[in-house]
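S.K.: After the structure tokens below, expect a handful of questions from me.
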Amino acid sequence: MSIKKRGGSRQPELFPRSKCPTIPIADNHRLVVMANEIDWTEYEELIQAIRMSKLKNAAGRPPQLRALGGALALRATRKMTYRDTEDQIRYHAPSRYLCGLTETDWSPDANTIQDFEQLLGEDGMRQLNEYLVKWAVDEKLADPSLVVADTTAQEAAIPYPNEVGHMASFLNAVVAASGKVGKVLVGFVKGLCARVKTAKKKVRAHRLFAKTASAKKQLTKELAAIVEGINTELGQGLDAAKAQGERLKKQGKVAWNKLNALHGTMSKLLPQIRYWLRTGKVAAGKVINIHIPELYSIVRGKAGKAVEFGLKWGFARLRGGFILATVARGKGDMPDSRFALQAVDQHIALFGKPPKSYAYDRGGYSRENIKKLKAKGVKEVGLAPRGRAKWAVANKVKEKLVNERAQVEGSIGTVKSPRYGFNRPSVRSAEMMGVSGQRSVFGLNLNKLIRGLAERKELVLVG
């Protein structure tokens, strides 16, 4: 019995099929309309100003800002990885049109796009988002005279925090990083394997065989003692080899910095673990992730999700659905009572005058806040009252503000949808979580702006 040859057709084509398709791009494709509507000169000038504020000098090859600015818009409006973005720009015709690459076969790679976003940072992305919102105001698609604000949490892509998990993660990271610093920490690495093996046995016993609270507590104590010894020796090794470590390059330098960060984080976490073992209470400022120690717990009180782990954000929504976002710099940086005033201050700084009408939920209510908002120039202050307190506005204004207040929840939910990926971004630092959050907001505003401009021209967008 003959075996059929796999692959291809049994009836081969006379001429090889072309790998250079020649199909026109639809004029009403969303990415085409976006490319045609953006003022690329102004957009590139803003990006260049942000870049130059971050760089020490302008030495080196000039970047392809037109292509990178398009790649940023593409990633913002449809969530994808850096590798997927590279592939999309290389082979998807509307994406190449958006990036201004239809007349060349060059396209940016994933590392270039990532480095570009990392250089812009959270503050740079915020400036780009403010540029979009101002553009929407100029086009009369957004009304800055009415603003509604609220806070929310950006969840991090981390496992649920627990003491044993923290220590196991620390051990794995130390082993991985120690192998990349060469002979700098040879004395520390020499006796590391046996202790890590013992510690991992404790972790396994805690997760699989400890059935009672007392047994788990005892294993946690024993594991903490081992980890404390490893961390102490790591600190001594880092101090002794500081001069050699500073001469490392590339991956060795990254691993050296990682070990220093791990040592500092574990030095802070171990006393918190011992406090919990001793009292059964969570210490103030508890570290919830060994790799991103800037994260914190946010008590939301929601059904099914009482606590979220990540960063706190403040959102201000203009009438029309365009939003501005601000990330909190710390756990206590953005309480509702303070952000209710901060959102108005940011609005004044951006537009030069306060909104006529302003609404916030009861978390921002106080008589003092109402007085301060009116002193800032807000005429209709719609802070939802607590208890039996009365609204500071008339019923008709109250209904208008309550209606607008309800829509801010929809905007936050849209940003958190899989399309924009605000929640649980695939990043490894708090700084890049800020970049990812602002990029998600940028994408929502850009899509909304392009839809509004297309509707004026009676275009039905596709793609």
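Every chain in the structure tokens has a letter given in the order shown (A, B, ...), and although residue numbers restart at 1 in each chain, ligands are simply numbered from 1 in the order shown.
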Residues at most 8 Å from region 382-386 of chain A, counting only C-alpha atoms, excluding those fewer than 3 positions away in the same chain, as a count of residues only?

M.R.: 17

S.K.: Which one is closest to Gly280 (chain A): A:Leu171, A:Leu46, A:Ala213, A:Val196? Count only C-alpha atoms.

M.R.: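 Ranking A:Leu171, A:Leu46, A:Ala213, A:Val196 by distance to Gly280 (chain A), first place goes to A:Ala213.
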
S.K.: What parts of region 27-232 of chain A does DSSP call strand (DSSP E)? I'd like the answer as a ChimeraX atom specification.

M.R.: /A:143-155

S.K.: Please identify all polymer residues within 8 Å of Asp150 (chain A), counting only C-alpha atoms, omitting same-chain residues fewer than 6 positions from it, and present them as a list of chain:residue names.

M.R.: A:Gly314, A:Phe315, A:Ala316, A:Asp336, A:Ala340, A:Tyr360, A:Asp361, A:Val408

S.K.: Tell me which protein, DNA and RNA residues are within 9 Å of Thr77 (chain A), counting only C-alpha atoms, leaving out same-chain ones fewer than 3 positions away, and put them as a VMD selection string.

M.R.: chain A and resid 72 to 74 419 to 420 439 to 440 442 to 447

S.K.: Mind writing the picked residues with C-alpha atoms as a short mmCIF file (atom, residue, chain, number, x, y, z; two decimals), in the first residue's frame?

M.R.:
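This went into selection-v3.cif:
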data_model
loop_
_atom_site.label_atom_id
_atom_site.label_comp_id
_atom_site.auth_asym_id
_atom_site.auth_seq_id
_atom_site.Cartn_x
_atom_site.Cartn_y
_atom_site.Cartn_z
CA LEU A 72 1.52 52.61 20.57
CA ALA A 73 -1.92 53.56 19.24
CA LEU A 74 -2.40 50.03 17.86
CA ARG A 419 -10.19 44.66 24.98
CA TYR A 420 -8.09 47.21 26.87
CA ARG A 439 -2.26 53.03 27.82
CA SER A 440 -5.63 51.33 28.43
CA PHE A 442 -5.51 56.13 26.03
CA GLY A 443 -6.96 53.32 23.91
CA LEU A 444 -10.51 53.86 25.16
CA ASN A 445 -10.32 57.61 24.51
CA LEU A 446 -8.75 57.14 21.07
CA ASN A 447 -11.41 54.65 19.96
#

S.K.: From the options A:Phe209, A:Tyr91, A:Tyr131, A:Trp106, which residue's atoms come nearest to Glu44 (chain A), counting only C-alpha atoms?

M.R.: A:Tyr131
